[in-house]
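This report refers to the structure that appears directly beneath it.
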Amino acid sequence: MFTGIDEVDWASLRHAYGSAEDVPGWLRALASADTVERATALDGLYDALHHKGCVYDSTLACVPFLLSLVAREEVPDRGGIVELLVGIGTVCADGDPRAREAVCAGGEVFVRLAGDPDPAVRRATAGALVHFLDPPARALDLLRQRLRAERDDRVLLALPEALGLFVRRYPAHADAAVDLLAGHSAPPYAPGLRLAALGQLALVAPARLPADLVPTTVRLVRERSAARGPAAAPCAADTLVGRLRRLRPSDEEGSRLLRTLHTALGDRVDERSALLRGQLTSPDPVDRCNAVWLAAALLRGWRADHSATVGLLGAQLSGPQDQVRDAAVAVLSELFTLAAPAADDLHALVWARPDLWTHHVERRSPALGGPLKALARNGDPRALPALAHLLSGPAAPVDLGFELAHLGRAAAPLAPALRHRLGRIPPASPSAARLAAPLLAAIGAIGDAEAVPEVLRLLSGAPDGPGGLDALAGQVIATLEALGAAAQAEPALRTLLDTRHAAAAAGALWSVRQDASAVLPVLLRELHQGDPASRCLAAGQLGRLGPAARAAAPALRRTACSWPAREGVTAACALWNIEADPEPVLAVFRTAWARDPYTRRPIVRCLIAMGPAAAPLRHLVADELARPRRHLAPAGRSAGRGIPEDENLLSGCRAVLEVV
């Protein structure tokens, strides 16, 4: 296995972290009898030799030894080594072909591994045959043979995936591979294999899908579940690790099969929603849990009437399976007002399970529990009694105020308790900003004018510096403006005109005195000299001055044509408020709309204000409303505020069409 390893001058070779002199130790450790030693060595090789897809001279030097290791049946855990070789040979950040050539040179090894006694090796080898074996017909023939001979379910599911890869890689030879996929998507093959084949057909040959795709898929999912048997009980420990394990699908294979199909269906939202209805009503809780996460992907990425899907998510809250409930709560808490069809189920869960009102993580302050958070984010006043109970307790969740703000003025009965808590925060405390921010958000949303003295106390009592006034001033100023109380803070606001909060303070002073001579020089200075955030805020505040800021128009025109687009859009909006000339403003909007989807919400707000003058961009707004995909929700695990921001964009677009 290691013949010649000591003849390589490893110290002269490099990997991601410097000298490759540690590489031979990792290679030898891959053949160790110790599981931990093998795993540590594989991690080291992944991290150092294939870091972010880069190829190093040490990467190339390792390939022959890795090929020798996978060829020896006595070496444990060879499936992981095959996967490393596939990664090295297929993912290259800079287009360097040498790694692929090095792995292809040992392609015959994969022919033998296709029939290896170890199922993990056979599974990892399926894709390697397509990537590294020539000619293509030979790779396809080997996959055909394995489909006939393979008996391990996990390996069988990898073979359709390899066929899909073959179709994409060799379109001139695709017909035979597509025929194999179509054949294995029908009886008499097992449900799992048929689902895998359907997913790949949807990716590479959607015209070959059966007309009854949704009912067929739902039936196959349930047949597979019945054959699989009951799932193992999830981790019950009330720890972060335990909760993460409960949220993770316990049927990884099933989750992957259905995720592939949903991904392939893409914009076919009606079919995906119908498929989810079948999955979310399955008698098997594991299938329902998988469906919850697939529903999350649909809700995050696509616009449609999702009320039926959301209602089915709500139905998961009343079952006995904690894993399904926790997953559904996690998804519903991302939906904000879109969670309305599940509001009754959330309310029932909140009152049936007071223990879920807070969520405790070891060595951290308690946070607001998911069911109560989702109900509050929906703007449902039925959340108020539970929130009031927590707010009156000794250890209220720090984030409670942020969620309470979604209830707006309906939360007014809680204003005294919020004022009381705000008054107990020492302005000089290092944690003052962290504790005050959620309370200020709630007080501003409620419009509690009686809280002004406590808000002013924070502004006047906080010490200078990053952990004091710097962290507090921006939100305090915004809260005072929301309460119409900037006049009471005028002396304190003037002291901020020479700080990083100058733009916010100047805007608040304008709302008090309407004196352009006092604030215009400050805002122009910030527009020219401030950091990007300060420049953007200064441009927005200049827009508030309207024609009184005409002296700032040349600087704003320069800023409007600059990058990043968000800064330019803010300046363009200010220009409209100052000069009411649509031509330069619409030109900026047109460019920014195409370049940065995150500028579309502020653009839409300005278009509403422009009214008929915005007509030349009407087609952009109409096109946005016709698009099925969300632009503002990330594709990652959590959407954050992406869904409500996208819904806000759509509402704004509809308002534009009403006024232009």
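Ordering of the structure tokens sets the chain letters (A, B, ...); residue numbers start at 1 within each chain; ligands are numbered from 1 in the order shown.
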
Quick one: residues within 12 Å of segment 205-212 of chain A, only C-alpha atoms, excluding same-chain residues fewer than 3 positions away - as a PDB file with all heavy atoms, in the first residue's frame?
ATOM      1  N   LEU A 163     -26.811   6.967 -12.677  1.00  0.00           N
ATOM      2  CA  LEU A 163     -27.387   7.038 -14.023  1.00  0.00           C
ATOM      3  C   LEU A 163     -27.770   8.468 -14.385  1.00  0.00           C
ATOM      4  O   LEU A 163     -27.573   8.913 -15.526  1.00  0.00           O
ATOM      5  CB  LEU A 163     -28.603   6.124 -14.121  1.00  0.00           C
ATOM      6  CG  LEU A 163     -28.320   4.617 -14.162  1.00  0.00           C
ATOM      7  CD1 LEU A 163     -29.619   3.828 -14.025  1.00  0.00           C
ATOM      8  CD2 LEU A 163     -27.602   4.234 -15.464  1.00  0.00           C
ATOM      9  N   GLY A 164     -28.334   9.203 -13.424  1.00  0.00           N
ATOM     10  CA  GLY A 164     -28.652  10.604 -13.682  1.00  0.00           C
ATOM     11  C   GLY A 164     -27.400  11.414 -13.987  1.00  0.00           C
ATOM     12  O   GLY A 164     -27.389  12.263 -14.884  1.00  0.00           O
ATOM     13  N   VAL A 167     -26.332  10.718 -17.564  1.00  0.00           N
ATOM     14  CA  VAL A 167     -27.115  11.445 -18.568  1.00  0.00           C
ATOM     15  C   VAL A 167     -26.608  12.882 -18.699  1.00  0.00           C
ATOM     16  O   VAL A 167     -26.466  13.418 -19.811  1.00  0.00           O
ATOM     17  CB  VAL A 167     -28.610  11.433 -18.203  1.00  0.00           C
ATOM     18  CG1 VAL A 167     -29.411  12.334 -19.138  1.00  0.00           C
ATOM     19  CG2 VAL A 167     -29.151  10.010 -18.253  1.00  0.00           C
ATOM     20  N   ARG A 168     -26.327  13.515 -17.574  1.00  0.00           N
ATOM     21  CA  ARG A 168     -25.851  14.899 -17.620  1.00  0.00           C
ATOM     22  C   ARG A 168     -24.437  14.987 -18.193  1.00  0.00           C
ATOM     23  O   ARG A 168     -24.101  15.947 -18.883  1.00  0.00           O
ATOM     24  CB  ARG A 168     -25.892  15.516 -16.223  1.00  0.00           C
ATOM     25  CG  ARG A 168     -27.296  15.690 -15.668  1.00  0.00           C
ATOM     26  CD  ARG A 168     -27.307  16.505 -14.400  1.00  0.00           C
ATOM     27  NE  ARG A 168     -26.610  15.844 -13.301  1.00  0.00           N
ATOM     28  CZ  ARG A 168     -27.165  14.950 -12.486  1.00  0.00           C
ATOM     29  NH1 ARG A 168     -28.433  14.603 -12.664  1.00  0.00           N
ATOM     30  NH2 ARG A 168     -26.477  14.403 -11.508  1.00  0.00           N
ATOM     31  N   PRO A 171     -24.522  13.414 -22.678  1.00  0.00           N
ATOM     32  CA  PRO A 171     -25.845  13.532 -23.327  1.00  0.00           C
ATOM     33  C   PRO A 171     -25.957  12.740 -24.624  1.00  0.00           C
ATOM     34  O   PRO A 171     -27.051  12.292 -24.979  1.00  0.00           O
ATOM     35  CB  PRO A 171     -25.983  15.049 -23.565  1.00  0.00           C
ATOM     36  CG  PRO A 171     -24.616  15.617 -23.397  1.00  0.00           C
ATOM     37  CD  PRO A 171     -23.888  14.727 -22.459  1.00  0.00           C
ATOM     38  N   ALA A 174     -27.237   9.369 -23.680  1.00  0.00           N
ATOM     39  CA  ALA A 174     -28.219   9.449 -22.603  1.00  0.00           C
ATOM     40  C   ALA A 174     -29.397   8.499 -22.769  1.00  0.00           C
ATOM     41  O   ALA A 174     -29.978   8.053 -21.768  1.00  0.00           O
ATOM     42  CB  ALA A 174     -28.732  10.882 -22.476  1.00  0.00           C
ATOM     43  N   ASP A 175     -29.803   8.178 -23.982  1.00  0.00           N
ATOM     44  CA  ASP A 175     -31.059   7.453 -24.186  1.00  0.00           C
ATOM     45  C   ASP A 175     -31.094   6.125 -23.432  1.00  0.00           C
ATOM     46  O   ASP A 175     -32.104   5.783 -22.801  1.00  0.00           O
ATOM     47  CB  ASP A 175     -31.281   7.196 -25.676  1.00  0.00           C
ATOM     48  CG  ASP A 175     -31.618   8.480 -26.431  1.00  0.00           C
ATOM     49  OD1 ASP A 175     -31.882   9.498 -25.758  1.00  0.00           O
ATOM     50  OD2 ASP A 175     -31.598   8.463 -27.672  1.00  0.00           O
ATOM     51  N   ALA A 176     -29.997   5.378 -23.500  1.00  0.00           N
ATOM     52  CA  ALA A 176     -29.992   4.074 -22.835  1.00  0.00           C
ATOM     53  C   ALA A 176     -30.087   4.228 -21.321  1.00  0.00           C
ATOM     54  O   ALA A 176     -30.758   3.437 -20.651  1.00  0.00           O
ATOM     55  CB  ALA A 176     -28.720   3.306 -23.209  1.00  0.00           C
ATOM     56  N   ALA A 177     -29.421   5.257 -20.785  1.00  0.00           N
ATOM     57  CA  ALA A 177     -29.484   5.482 -19.336  1.00  0.00           C
ATOM     58  C   ALA A 177     -30.879   5.920 -18.913  1.00  0.00           C
ATOM     59  O   ALA A 177     -31.397   5.484 -17.878  1.00  0.00           O
ATOM     60  CB  ALA A 177     -28.446   6.528 -18.926  1.00  0.00           C
ATOM     61  N   VAL A 178     -31.516   6.763 -19.723  1.00  0.00           N
ATOM     62  CA  VAL A 178     -32.884   7.196 -19.414  1.00  0.00           C
ATOM     63  C   VAL A 178     -33.834   5.999 -19.464  1.00  0.00           C
ATOM     64  O   VAL A 178     -34.742   5.870 -18.622  1.00  0.00           O
ATOM     65  CB  VAL A 178     -33.324   8.307 -20.380  1.00  0.00           C
ATOM     66  CG1 VAL A 178     -34.825   8.576 -20.239  1.00  0.00           C
ATOM     67  CG2 VAL A 178     -32.528   9.582 -20.113  1.00  0.00           C
ATOM     68  N   ASP A 179     -33.640   5.118 -20.422  1.00  0.00           N
ATOM     69  CA  ASP A 179     -34.477   3.917 -20.491  1.00  0.00           C
ATOM     70  C   ASP A 179     -34.320   3.070 -19.225  1.00  0.00           C
ATOM     71  O   ASP A 179     -35.304   2.511 -18.716  1.00  0.00           O
ATOM     72  CB  ASP A 179     -34.107   3.086 -21.717  1.00  0.00           C
ATOM     73  CG  ASP A 179     -34.559   3.723 -23.022  1.00  0.00           C
ATOM     74  OD1 ASP A 179     -35.435   4.608 -22.959  1.00  0.00           O
ATOM     75  OD2 ASP A 179     -34.026   3.344 -24.078  1.00  0.00           O
ATOM     76  N   LEU A 180     -33.087   2.955 -18.733  1.00  0.00           N
ATOM     77  CA  LEU A 180     -32.872   2.207 -17.491  1.00  0.00           C
ATOM     78  C   LEU A 180     -33.607   2.861 -16.328  1.00  0.00           C
ATOM     79  O   LEU A 180     -34.237   2.181 -15.512  1.00  0.00           O
ATOM     80  CB  LEU A 180     -31.372   2.137 -17.175  1.00  0.00           C
ATOM     81  CG  LEU A 180     -30.559   1.045 -17.868  1.00  0.00           C
ATOM     82  CD1 LEU A 180     -29.070   1.230 -17.581  1.00  0.00           C
ATOM     83  CD2 LEU A 180     -31.014  -0.335 -17.388  1.00  0.00           C
ATOM     84  N   LEU A 181     -33.536   4.184 -16.240  1.00  0.00           N
ATOM     85  CA  LEU A 181     -34.233   4.888 -15.161  1.00  0.00           C
ATOM     86  C   LEU A 181     -35.744   4.689 -15.275  1.00  0.00           C
ATOM     87  O   LEU A 181     -36.421   4.408 -14.273  1.00  0.00           O
ATOM     88  CB  LEU A 181     -33.900   6.381 -15.206  1.00  0.00           C
ATOM     89  CG  LEU A 181     -32.500   6.789 -14.734  1.00  0.00           C
ATOM     90  CD1 LEU A 181     -32.222   8.249 -15.055  1.00  0.00           C
ATOM     91  CD2 LEU A 181     -32.361   6.537 -13.232  1.00  0.00           C
ATOM     92  N   ALA A 182     -36.275   4.839 -16.470  1.00  0.00           N
ATOM     93  CA  ALA A 182     -37.718   4.673 -16.656  1.00  0.00           C
ATOM     94  C   ALA A 182     -38.149   3.256 -16.306  1.00  0.00           C
ATOM     95  O   ALA A 182     -39.188   3.043 -15.660  1.00  0.00           O
ATOM     96  CB  ALA A 182     -38.097   5.007 -18.095  1.00  0.00           C
ATOM     97  N   GLY A 183     -37.344   2.286 -16.711  1.00  0.00           N
ATOM     98  CA  GLY A 183     -37.691   0.902 -16.403  1.00  0.00           C
ATOM     99  C   GLY A 183     -37.694   0.625 -14.914  1.00  0.00           C
ATOM    100  O   GLY A 183     -38.568  -0.091 -14.402  1.00  0.00           O
ATOM    101  N   HIS A 184     -36.728   1.192 -14.189  1.00  0.00           N
ATOM    102  CA  HIS A 184     -36.636   0.935 -12.739  1.00  0.00           C
ATOM    103  C   HIS A 184     -37.555   1.836 -11.914  1.00  0.00           C
ATOM    104  O   HIS A 184     -37.617   1.700 -10.688  1.00  0.00           O
ATOM    105  CB  HIS A 184     -35.186   1.090 -12.278  1.00  0.00           C
ATOM    106  CG  HIS A 184     -34.321  -0.063 -12.688  1.00  0.00           C
ATOM    107  ND1 HIS A 184     -33.781  -0.177 -13.955  1.00  0.00           N
ATOM    108  CD2 HIS A 184     -33.921  -1.174 -12.003  1.00  0.00           C
ATOM    109  CE1 HIS A 184     -33.080  -1.292 -14.036  1.00  0.00           C
ATOM    110  NE2 HIS A 184     -33.147  -1.919 -12.874  1.00  0.00           N
ATOM    111  N   SER A 185     -38.281   2.735 -12.575  1.00  0.00           N
ATOM    112  CA  SER A 185     -39.263   3.544 -11.852  1.00  0.00           C
ATOM    113  C   SER A 185     -40.627   2.869 -11.806  1.00  0.00           C
ATOM    114  O   SER A 185     -41.562   3.398 -11.208  1.00  0.00           O
ATOM    115  CB  SER A 185     -39.398   4.918 -12.526  1.00  0.00           C
ATOM    116  OG  SER A 185     -40.037   4.802 -13.790  1.00  0.00           O
ATOM    117  N   ALA A 186     -40.745   1.724 -12.419  1.00  0.00           N
ATOM    118  CA  ALA A 186     -42.029   1.023 -12.521  1.00  0.00           C
ATOM    119  C   ALA A 186     -41.933  -0.344 -11.846  1.00  0.00           C
ATOM    120  O   ALA A 186     -40.846  -0.800 -11.495  1.00  0.00           O
ATOM    121  CB  ALA A 186     -42.399   0.869 -13.999  1.00  0.00           C
ATOM    122  N   ARG A 194     -37.633   2.597  -6.973  1.00  0.00           N
ATOM    123  CA  ARG A 194     -38.524   3.313  -7.880  1.00  0.00           C
ATOM    124  C   ARG A 194     -38.527   4.815  -7.570  1.00  0.00           C
ATOM    125  O   ARG A 194     -38.517   5.651  -8.484  1.00  0.00           O
ATOM    126  CB  ARG A 194     -39.937   2.741  -7.788  1.00  0.00           C
ATOM    127  CG  ARG A 194     -40.055   1.330  -8.357  1.00  0.00           C
ATOM    128  CD  ARG A 194     -41.484   0.807  -8.234  1.00  0.00           C
ATOM    129  NE  ARG A 194     -42.417   1.613  -9.038  1.00  0.00           N
ATOM    130  CZ  ARG A 194     -43.732   1.467  -9.003  1.00  0.00           C
ATOM    131  NH1 ARG A 194     -44.284   0.538  -8.202  1.00  0.00           N
ATOM    132  NH2 ARG A 194     -44.516   2.210  -9.755  1.00  0.00           N
ATOM    133  N   LEU A 195     -38.534   5.169  -6.278  1.00  0.00           N
ATOM    134  CA  LEU A 195     -38.489   6.586  -5.909  1.00  0.00           C
ATOM    135  C   LEU A 195     -37.186   7.234  -6.373  1.00  0.00           C
ATOM    136  O   LEU A 195     -37.175   8.360  -6.877  1.00  0.00           O
ATOM    137  CB  LEU A 195     -38.635   6.745  -4.396  1.00  0.00           C
ATOM    138  CG  LEU A 195     -40.038   6.514  -3.822  1.00  0.00           C
ATOM    139  CD1 LEU A 195     -39.980   6.432  -2.304  1.00  0.00           C
ATOM    140  CD2 LEU A 195     -40.977   7.638  -4.259  1.00  0.00           C
ATOM    141  N   ALA A 197     -35.347   6.318  -8.901  1.00  0.00           N
ATOM    142  CA  ALA A 197     -35.399   6.441 -10.355  1.00  0.00           C
ATOM    143  C   ALA A 197     -36.314   7.592 -10.778  1.00  0.00           C
ATOM    144  O   ALA A 197     -35.999   8.346 -11.711  1.00  0.00           O
ATOM    145  CB  ALA A 197     -35.862   5.130 -10.974  1.00  0.00           C
ATOM    146  N   LEU A 198     -37.447   7.749 -10.091  1.00  0.00           N
ATOM    147  CA  LEU A 198     -38.352   8.854 -10.413  1.00  0.00           C
ATOM    148  C   LEU A 198     -37.671  10.200 -10.181  1.00  0.00           C
ATOM    149  O   LEU A 198     -37.823  11.135 -10.972  1.00  0.00           O
ATOM    150  CB  LEU A 198     -39.625   8.757  -9.571  1.00  0.00           C
ATOM    151  CG  LEU A 198     -40.638   7.685  -9.985  1.00  0.00           C
ATOM    152  CD1 LEU A 198     -41.722   7.542  -8.938  1.00  0.00           C
ATOM    153  CD2 LEU A 198     -41.255   8.028 -11.353  1.00  0.00           C
ATOM    154  N   GLY A 199     -36.920  10.321  -9.077  1.00  0.00           N
ATOM    155  CA  GLY A 199     -36.224  11.568  -8.799  1.00  0.00           C
ATOM    156  C   GLY A 199     -35.224  11.913  -9.885  1.00  0.00           C
ATOM    157  O   GLY A 199     -35.132  13.074 -10.327  1.00  0.00           O
ATOM    158  N   GLN A 200     -34.480  10.925 -10.356  1.00  0.00           N
ATOM    159  CA  GLN A 200     -33.506  11.182 -11.415  1.00  0.00           C
ATOM    160  C   GLN A 200     -34.188  11.457 -12.748  1.00  0.00           C
ATOM    161  O   GLN A 200     -33.733  12.311 -13.521  1.00  0.00           O
ATOM    162  CB  GLN A 200     -32.537  10.007 -11.526  1.00  0.00           C
ATOM    163  CG  GLN A 200     -31.654   9.818 -10.311  1.00  0.00           C
ATOM    164  CD  GLN A 200     -30.837  11.056  -9.986  1.00  0.00           C
ATOM    165  OE1 GLN A 200     -30.283  11.695 -10.896  1.00  0.00           O
ATOM    166  NE2 GLN A 200     -30.761  11.404  -8.710  1.00  0.00           N
ATOM    167  N   LEU A 201     -35.281  10.763 -13.026  1.00  0.00           N
ATOM    168  CA  LEU A 201     -36.036  11.073 -14.248  1.00  0.00           C
ATOM    169  C   LEU A 201     -36.530  12.518 -14.230  1.00  0.00           C
ATOM    170  O   LEU A 201     -36.479  13.219 -15.249  1.00  0.00           O
ATOM    171  CB  LEU A 201     -37.230  10.128 -14.384  1.00  0.00           C
ATOM    172  CG  LEU A 201     -37.017   8.776 -15.053  1.00  0.00           C
ATOM    173  CD1 LEU A 201     -38.329   8.002 -15.078  1.00  0.00           C
ATOM    174  CD2 LEU A 201     -36.481   8.938 -16.485  1.00  0.00           C
ATOM    175  N   ALA A 202     -37.004  12.952 -13.083  1.00  0.00           N
ATOM    176  CA  ALA A 202     -37.482  14.335 -12.975  1.00  0.00           C
ATOM    177  C   ALA A 202     -36.362  15.326 -13.239  1.00  0.00           C
ATOM    178  O   ALA A 202     -36.587  16.409 -13.793  1.00  0.00           O
ATOM    179  CB  ALA A 202     -38.078  14.570 -11.585  1.00  0.00           C
ATOM    180  N   PRO A 215     -49.713  10.731  -7.071  1.00  0.00           N
ATOM    181  CA  PRO A 215     -50.256   9.571  -6.350  1.00  0.00           C
ATOM    182  C   PRO A 215     -49.311   8.377  -6.337  1.00  0.00           C
ATOM    183  O   PRO A 215     -49.235   7.645  -5.343  1.00  0.00           O
ATOM    184  CB  PRO A 215     -51.555   9.249  -7.095  1.00  0.00           C
ATOM    185  CG  PRO A 215     -51.497   9.989  -8.377  1.00  0.00           C
ATOM    186  CD  PRO A 215     -50.612  11.164  -8.163  1.00  0.00           C
ATOM    187  N   THR A 216     -48.560   8.196  -7.430  1.00  0.00           N
ATOM    188  CA  THR A 216     -47.588   7.095  -7.459  1.00  0.00           C
ATOM    189  C   THR A 216     -46.524   7.303  -6.394  1.00  0.00           C
ATOM    190  O   THR A 216     -46.165   6.374  -5.652  1.00  0.00           O
ATOM    191  CB  THR A 216     -46.928   6.997  -8.844  1.00  0.00           C
ATOM    192  OG1 THR A 216     -47.923   6.653  -9.809  1.00  0.00           O
ATOM    193  CG2 THR A 216     -45.838   5.950  -8.858  1.00  0.00           C
ATOM    194  N   THR A 217     -46.005   8.512  -6.293  1.00  0.00           N
ATOM    195  CA  THR A 217     -44.953   8.801  -5.315  1.00  0.00           C
ATOM    196  C   THR A 217     -45.461   8.628  -3.895  1.00  0.00           C
ATOM    197  O   THR A 217     -44.780   8.031  -3.044  1.00  0.00           O
ATOM    198  CB  THR A 217     -44.418  10.228  -5.518  1.00  0.00           C
ATOM    199  OG1 THR A 217     -43.917  10.362  -6.851  1.00  0.00           O
ATOM    200  CG2 THR A 217     -43.314  10.533  -4.530  1.00  0.00           C
ATOM    201  N   VAL A 218     -46.657   9.148  -3.626  1.00  0.00           N
ATOM    202  CA  VAL A 218     -47.214   9.015  -2.272  1.00  0.00           C
ATOM    203  C   VAL A 218     -47.388   7.540  -1.913  1.00  0.00           C
ATOM    204  O   VAL A 218     -47.059   7.112  -0.796  1.00  0.00           O
ATOM    205  CB  VAL A 218     -48.553   9.778  -2.170  1.00  0.00           C
ATOM    206  CG1 VAL A 218     -49.254   9.457  -0.846  1.00  0.00           C
ATOM    207  CG2 VAL A 218     -48.315  11.284  -2.307  1.00  0.00           C
ATOM    208  N   ARG A 219     -47.887   6.763  -2.849  1.00  0.00           N
ATOM    209  CA  ARG A 219     -48.061   5.327  -2.582  1.00  0.00           C
ATOM    210  C   ARG A 219     -46.720   4.647  -2.326  1.00  0.00           C
ATOM    211  O   ARG A 219     -46.582   3.837  -1.400  1.00  0.00           O
ATOM    212  CB  ARG A 219     -48.765   4.669  -3.766  1.00  0.00           C
ATOM    213  CG  ARG A 219     -49.102   3.188  -3.513  1.00  0.00           C
ATOM    214  CD  ARG A 219     -49.837   2.558  -4.680  1.00  0.00           C
ATOM    215  NE  ARG A 219     -48.983   2.416  -5.865  1.00  0.00           N
ATOM    216  CZ  ARG A 219     -49.069   3.184  -6.947  1.00  0.00           C
ATOM    217  NH1 ARG A 219     -49.976   4.148  -7.017  1.00  0.00           N
ATOM    218  NH2 ARG A 219     -48.256   2.990  -7.972  1.00  0.00           N
ATOM    219  N   LEU A 261     -36.601  14.650  -5.680  1.00  0.00           N
ATOM    220  CA  LEU A 261     -37.785  14.810  -6.520  1.00  0.00           C
ATOM    221  C   LEU A 261     -38.332  16.230  -6.423  1.00  0.00           C
ATOM    222  O   LEU A 261     -38.656  16.866  -7.444  1.00  0.00           O
ATOM    223  CB  LEU A 261     -38.848  13.792  -6.121  1.00  0.00           C
ATOM    224  CG  LEU A 261     -40.124  13.778  -6.965  1.00  0.00           C
ATOM    225  CD1 LEU A 261     -39.801  13.586  -8.449  1.00  0.00           C
ATOM    226  CD2 LEU A 261     -41.058  12.675  -6.483  1.00  0.00           C
ATOM    227  N   ALA A 264     -36.122  18.613  -8.307  1.00  0.00           N
ATOM    228  CA  ALA A 264     -36.282  18.467  -9.751  1.00  0.00           C
ATOM    229  C   ALA A 264     -37.588  19.100 -10.236  1.00  0.00           C
ATOM    230  O   ALA A 264     -37.642  19.672 -11.333  1.00  0.00           O
ATOM    231  CB  ALA A 264     -36.230  16.996 -10.136  1.00  0.00           C
ATOM    232  N   LEU A 265     -38.628  19.022  -9.439  1.00  0.00           N
ATOM    233  CA  LEU A 265     -39.914  19.593  -9.850  1.00  0.00           C
ATOM    234  C   LEU A 265     -39.866  21.121  -9.862  1.00  0.00           C
ATOM    235  O   LEU A 265     -40.631  21.765 -10.589  1.00  0.00           O
ATOM    236  CB  LEU A 265     -41.033  19.097  -8.932  1.00  0.00           C
ATOM    237  CG  LEU A 265     -41.390  17.619  -9.090  1.00  0.00           C
ATOM    238  CD1 LEU A 265     -42.415  17.198  -8.036  1.00  0.00           C
ATOM    239  CD2 LEU A 265     -41.913  17.318 -10.490  1.00  0.00           C
ATOM    240  N   GLY A 266     -39.000  21.703  -9.056  1.00  0.00           N
ATOM    241  CA  GLY A 266     -38.736  23.142  -9.125  1.00  0.00           C
ATOM    242  C   GLY A 266     -39.981  23.994  -9.065  1.00  0.00           C
ATOM    243  O   GLY A 266     -40.688  24.035  -8.065  1.00  0.00           O
ATOM    244  N   ARG A 268     -42.807  23.704 -10.398  1.00  0.00           N
ATOM    245  CA  ARG A 268     -44.115  23.031 -10.509  1.00  0.00           C
ATOM    246  C   ARG A 268     -44.731  22.954  -9.116  1.00  0.00           C
ATOM    247  O   ARG A 268     -44.865  21.910  -8.491  1.00  0.00           O
ATOM    248  CB  ARG A 268     -43.931  21.653 -11.139  1.00  0.00           C
ATOM    249  CG  ARG A 268     -43.432  21.757 -12.587  1.00  0.00           C
ATOM    250  CD  ARG A 268     -42.804  20.494 -13.116  1.00  0.00           C
ATOM    251  NE  ARG A 268     -43.720  19.370 -13.243  1.00  0.00           N
ATOM    252  CZ  ARG A 268     -43.419  18.213 -13.819  1.00  0.00           C
ATOM    253  NH1 ARG A 268     -42.198  18.039 -14.329  1.00  0.00           N
ATOM    254  NH2 ARG A 268     -44.292  17.237 -13.898  1.00  0.00           N
ATOM    255  N   GLU A 271     -47.817  20.649  -8.146  1.00  0.00           N
ATOM    256  CA  GLU A 271     -47.494  19.239  -7.951  1.00  0.00           C
ATOM    257  C   GLU A 271     -46.738  19.022  -6.647  1.00  0.00           C
ATOM    258  O   GLU A 271     -46.979  18.045  -5.927  1.00  0.00           O
ATOM    259  CB  GLU A 271     -46.665  18.729  -9.135  1.00  0.00           C
ATOM    260  CG  GLU A 271     -47.470  18.523 -10.402  1.00  0.00           C
ATOM    261  CD  GLU A 271     -46.598  18.094 -11.560  1.00  0.00           C
ATOM    262  OE1 GLU A 271     -46.050  18.971 -12.247  1.00  0.00           O
ATOM    263  OE2 GLU A 271     -46.469  16.876 -11.771  1.00  0.00           O
ATOM    264  N   ALA A 274     -49.216  19.221  -3.815  1.00  0.00           N
ATOM    265  CA  ALA A 274     -50.025  18.004  -3.753  1.00  0.00           C
ATOM    266  C   ALA A 274     -49.216  16.847  -3.175  1.00  0.00           C
ATOM    267  O   ALA A 274     -49.729  16.040  -2.387  1.00  0.00           O
ATOM    268  CB  ALA A 274     -50.541  17.652  -5.142  1.00  0.00           C
ATOM    269  N   LEU A 275     -47.949  16.765  -3.553  1.00  0.00           N
ATOM    270  CA  LEU A 275     -47.076  15.723  -3.013  1.00  0.00           C
ATOM    271  C   LEU A 275     -46.895  15.895  -1.514  1.00  0.00           C
ATOM    272  O   LEU A 275     -46.940  14.920  -0.745  1.00  0.00           O
ATOM    273  CB  LEU A 275     -45.732  15.774  -3.740  1.00  0.00           C
ATOM    274  CG  LEU A 275     -44.669  14.747  -3.348  1.00  0.00           C
ATOM    275  CD1 LEU A 275     -45.216  13.337  -3.423  1.00  0.00           C
ATOM    276  CD2 LEU A 275     -43.449  14.897  -4.264  1.00  0.00           C
TER     277      LEU A 275
END

* To do: Enter the distance from atom CA of Gly106 of chain A to atom CA of Leu66 of chain A, in Å, rounded to one decimal.
  => 10.1 Å

* For segment 481-496 of chain A, list every protein, DNA or RNA residue within 7 Å, evaluated using only C-alpha atoms, and leave out those in the same chain fewer than 2 positions away; present the list as a list in words. => Gly444, Gly447, Asp448, Ala449, Val452, Leu456, Ser460, Ile477, Ala478, Thr479, Asp498, Thr499, His501, Ala502, Ala505, Ala508, Leu509 and Val512 of chain A

* Determine, counting only C-alpha atoms, which protein, DNA and RNA residues have an atom within 12 Å of an atom of Arg151 of chain A; residues of the same chain fewer than 2 positions away are not included. Present the result as an MDAnalysis selection string. => chainID A and resid 115 117 119 122:123 145:149 153:157 159 189:190 193

* Asked: Within 10 Å of segment 350-367 of chain A, counting only C-alpha atoms, which residues qualify if same-chain residues fewer than 2 places away don't, as number ranges by chain?
  -> A: 238-241, 243, 318, 344-348, 369-375, 382-383, 385-387, 389-390, 395-400

* To do: With a distance cut-off of 10 Å and only C-alpha atoms, select the neighbouring residues of Arg409 of chain A, excluding the residue or stretch itself and same-chain residues fewer than 5 positions from it, and output the selection as a PyMOL selection string.
  => chain A and resi 404+414-415+442-448

* Asked: What's the 8 Å shell around Leu527 of chain A, counting only C-alpha atoms, without same-chain residues fewer than 3 positions away, as a PyMOL selection string?
  -> chain A and resi 523-524+530+534-536+538-539+555
